[in-house]
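Notes for the one structure printed next.
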Amino acid sequence: MAEAVGVAADSLAGCRARAARTALDQVVLPGEELLLPEQDDGEGPGGAGERPLRLNAAARSRGRVVCGPGLRRCGDRLLVTKCGRLRHKEPGSGSGGGVYWVDSQQKRYVPVKGDHVIGIVTAKSGDIFKVDVGGSEPASLSYLAFEGATKRNRPNVQVGDLIYGQFVVANKDMEPEMVCIDSCGRANGMGVIGQDGLLFKVTLGLIRKLLAPDCEILQEVGKLYPLEIVFGMNGRIWVKAKTIQQTLILANILEACEHMTADQRKQIFSRLAES
Amino acid sequence: MAAERKTKLSKNLLRMKFMQRGLDSETKKQLEEEEKKIISEEHWYLDLPELKEKESFIIEEQSFLLCEDLLYGRMSFRGFNPEVEKLMLQMNAKNKAEEVEEQTVELDVSDEEMARRYETLVGTIGKKFAKKRDRAIYEEDENGDIKPIKAKKMFLKPQD
């Protein structure tokens, strides 16, 4: 069935197009087109699973599909723009169609609205701070975008400070803007990150791996000694522990754990726990 | 009669406001329609078949927040920073509850104490607005609690 569809699609598109369902968790390359599966089970005789999408009542009754990072909309299909593994998430509550995205690896961060990032203040000009977030442009941060900040009560931010904030505006046409409060006006942990500690850079994929709900690395790290970590989606991690040596050990572990297998990691943790 | 007169006056003149005041609503409508026709004929349009706007049901998002459930970015372990640990519980619970439940706000005054205060508060404020005759109801006990409200003295109709 998928091959027949592929052949038909070939004649139309001139490139290999396969069903998204068959490509889940497999490596996809940029330029591939993916067909979205029909989600109505009762639709059509014989239950022909994958079919090129048509604009009719059946197609419209399907929920909205979200195409996430690494994918673009190309007519009725999804076009892959980054190489990586294709992932899918089922819709949690009702409306849906689910989310498709490509799990790719990269070091260069592109600002995205809603992301929490760590930035370094590089300049103070008038009413705004210029914050370097690792993107193509420094983001602007207004001095009123802190909790409890008013025109008279300015926040205590100096050049060189670390800021944990989120983007409100981030697209390719405009300079990114970030804030340190949420929509209700509360800080929720955002703002200037405290004294001391160490900031270092890792790949974006590692950050997402560490922030996954069931991450074992963090659970093991948390058992070692008291520490504090801040993860920025732009690949920056800030760590702080009681002594400099502990901080450096922590930084080395986090940088190295990307390329270690689970066994090697456990060995290292057990050695650390002994010492 | 009107038609003969109109053929002599120009259309621009007829379109002027002072000429339109005397017209019927019907003739006004006709004139409006004629005007619209003139405009639409002069309007340029593409001589192409009508393209059906495709209803796209694919939404593009560049953010990973929708894709993966990520934990909150600030973390503290073994009590290094108690405020961050509190935040961790708050933010991660929010994610799990899908932001439906409101978090239990830490109360300065407990619910029971609040209920007790309201109970007595009703009495004290009621006393303020009670007339002199009704103030007897609000006499306080030795403990300072308000006595239960007795039956109000109403006019009793004498039985025959």
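In the structure tokens, each chain is lettered A, B, ... as it comes, each chain's residues begin at 1, and ligands are numbered from 1 in order of appearance.
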Report as a tab-separated table the residues of chain B within 12 Å of chain A, each with its shortest atom pair and distance in Å (one decimal), using only C-alpha atoms, ordered by chain and increasing residue number.
```
residue	atom	partner	partner_atom	distance
B:Lys52	CA	A:Leu55	CA	10.4
B:Glu53	CA	A:Leu55	CA	10.6
B:Lys54	CA	A:Leu55	CA	7.7
B:Glu55	CA	A:Leu55	CA	8.0
B:Ser56	CA	A:Asp76	CA	7.5
B:Phe57	CA	A:Arg64	CA	4.9
B:Ile58	CA	A:Val65	CA	4.8
B:Ile59	CA	A:Val66	CA	4.7
B:Glu60	CA	A:Cys67	CA	4.9
B:Glu61	CA	A:Gly68	CA	4.9
B:Gln62	CA	A:Pro69	CA	4.7
B:Ser63	CA	A:Val112	CA	6.0
B:Phe64	CA	A:Pro69	CA	6.9
B:Leu65	CA	A:Asp115	CA	7.7
B:Leu66	CA	A:Val99	CA	7.7
B:Cys67	CA	A:Val99	CA	6.3
B:Glu68	CA	A:Ala212	CA	7.6
B:Asp69	CA	A:Ala212	CA	6.8
B:Leu70	CA	A:Ala212	CA	5.2
B:Leu71	CA	A:Leu211	CA	5.2
B:Tyr72	CA	A:Leu211	CA	7.5
B:Gly73	CA	A:Phe231	CA	4.8
B:Arg74	CA	A:Val230	CA	4.3
B:Met75	CA	A:Ile229	CA	5.2
B:Ser76	CA	A:Glu228	CA	4.2
B:Phe77	CA	A:Gly222	CA	5.3
B:Arg78	CA	A:Pro226	CA	4.6
B:Gly79	CA	A:Pro226	CA	6.3
B:Phe80	CA	A:Pro226	CA	5.2
B:Asn81	CA	A:Glu228	CA	6.9
B:Pro82	CA	A:Glu228	CA	10.1
B:Glu83	CA	A:Gly189	CA	8.6
B:Val84	CA	A:Gly189	CA	7.1
B:Glu85	CA	A:Glu228	CA	9.4
B:Lys86	CA	A:Gly189	CA	10.1
B:Leu87	CA	A:Gly189	CA	7.0
B:Met88	CA	A:Gly189	CA	9.2
B:Leu89	CA	A:Asn188	CA	11.7
B:Gln90	CA	A:Asn188	CA	9.3
B:Met91	CA	A:Asn188	CA	8.3
B:Asn92	CA	A:Pro213	CA	9.3
B:Ala93	CA	A:Pro213	CA	11.7
B:Lys94	CA	A:Asn188	CA	12.0
B:Asn95	CA	A:Pro213	CA	10.4
B:Lys96	CA	A:Pro213	CA	10.2
B:Glu98	CA	A:Gly92	CA	10.1
```
**OP:** Just the residues within 6 Å of A:Cys180, please, counting only C-alpha atoms, with nothing from its chain fewer than 4 positions along; format it as a list in words.
**Re:** Ala145, Phe146, Gly165, Met190 and Gly191 of chain A
Preceding selection exported with N, CA, C and O atoms as a JSON list (two decimals), in the first residue's frame:
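Dumped everything to part23.json:
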```json
[["chain", "number", "residue", "atom", "x", "y", "z"],
["A", 145, "ALA", "N", 10.58, 44.77, 32.36],
["A", 145, "ALA", "CA", 10.14, 43.38, 32.23],
["A", 145, "ALA", "C", 10.67, 42.51, 33.35],
["A", 145, "ALA", "O", 10.96, 41.34, 33.15],
["A", 146, "PHE", "N", 10.82, 43.08, 34.52],
["A", 146, "PHE", "CA", 11.21, 42.31, 35.69],
["A", 146, "PHE", "C", 10.10, 42.43, 36.72],
["A", 146, "PHE", "O", 9.33, 43.38, 36.71],
["A", 165, "GLY", "N", 15.51, 34.19, 31.08],
["A", 165, "GLY", "CA", 14.26, 34.79, 30.66],
["A", 165, "GLY", "C", 13.65, 34.02, 29.51],
["A", 165, "GLY", "O", 14.20, 33.01, 29.07],
["A", 190, "MET", "N", 12.52, 33.49, 36.89],
["A", 190, "MET", "CA", 13.30, 34.19, 35.86],
["A", 190, "MET", "C", 13.91, 35.45, 36.46],
["A", 190, "MET", "O", 13.50, 35.92, 37.51],
["A", 191, "GLY", "N", 14.89, 35.98, 35.77],
["A", 191, "GLY", "CA", 15.55, 37.19, 36.26],
["A", 191, "GLY", "C", 17.05, 36.98, 36.29],
["A", 191, "GLY", "O", 17.59, 36.15, 35.59]]
```
Please, which residues of stretch 34-124 of chain B, numbered as in this document, come out strand (DSSP E) from DSSP, as a ChimeraX atom specification? /B:58-60,74-77
Written selection (N, CA, C and O atoms) as a PDB file, in the first residue's frame:
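Resulting contents of out_10.pdb:
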```pdb
ATOM      1  N   ILE B  58      -2.598  21.938   8.541  1.00  0.00           N
ATOM      2  CA  ILE B  58      -1.285  21.708   9.134  1.00  0.00           C
ATOM      3  C   ILE B  58      -0.791  23.041   9.667  1.00  0.00           C
ATOM      4  O   ILE B  58      -0.725  24.025   8.947  1.00  0.00           O
ATOM      5  N   ILE B  59      -0.419  23.039  10.925  1.00  0.00           N
ATOM      6  CA  ILE B  59       0.065  24.260  11.552  1.00  0.00           C
ATOM      7  C   ILE B  59       1.561  24.117  11.758  1.00  0.00           C
ATOM      8  O   ILE B  59       2.035  23.081  12.208  1.00  0.00           O
ATOM      9  N   GLU B  60       2.286  25.153  11.439  1.00  0.00           N
ATOM     10  CA  GLU B  60       3.745  25.096  11.621  1.00  0.00           C
ATOM     11  C   GLU B  60       4.133  25.752  12.926  1.00  0.00           C
ATOM     12  O   GLU B  60       3.753  26.877  13.193  1.00  0.00           O
ATOM     13  N   ARG B  74      15.123  25.557  35.796  1.00  0.00           N
ATOM     14  CA  ARG B  74      15.951  25.802  37.002  1.00  0.00           C
ATOM     15  C   ARG B  74      15.783  24.631  37.947  1.00  0.00           C
ATOM     16  O   ARG B  74      14.663  24.208  38.230  1.00  0.00           O
ATOM     17  N   MET B  75      16.897  24.132  38.437  1.00  0.00           N
ATOM     18  CA  MET B  75      16.815  22.991  39.359  1.00  0.00           C
ATOM     19  C   MET B  75      17.779  23.167  40.505  1.00  0.00           C
ATOM     20  O   MET B  75      18.864  23.744  40.340  1.00  0.00           O
ATOM     21  N   SER B  76      17.385  22.634  41.630  1.00  0.00           N
ATOM     22  CA  SER B  76      18.284  22.659  42.781  1.00  0.00           C
ATOM     23  C   SER B  76      18.150  21.315  43.465  1.00  0.00           C
ATOM     24  O   SER B  76      17.066  20.750  43.543  1.00  0.00           O
ATOM     25  N   PHE B  77      19.257  20.762  43.932  1.00  0.00           N
ATOM     26  CA  PHE B  77      19.217  19.450  44.579  1.00  0.00           C
ATOM     27  C   PHE B  77      19.788  19.532  45.980  1.00  0.00           C
ATOM     28  O   PHE B  77      20.693  20.318  46.252  1.00  0.00           O
TER      29      PHE B  77
END
```
### Message
Give me the residues near B:Met16 as number ranges by chain, where near means some atom within 12 Å (using only C-alpha atoms) and where sequence neighbours in that chain fewer than 6 positions away do not count.
### Response
B: 9-10, 22-23, 28, 31
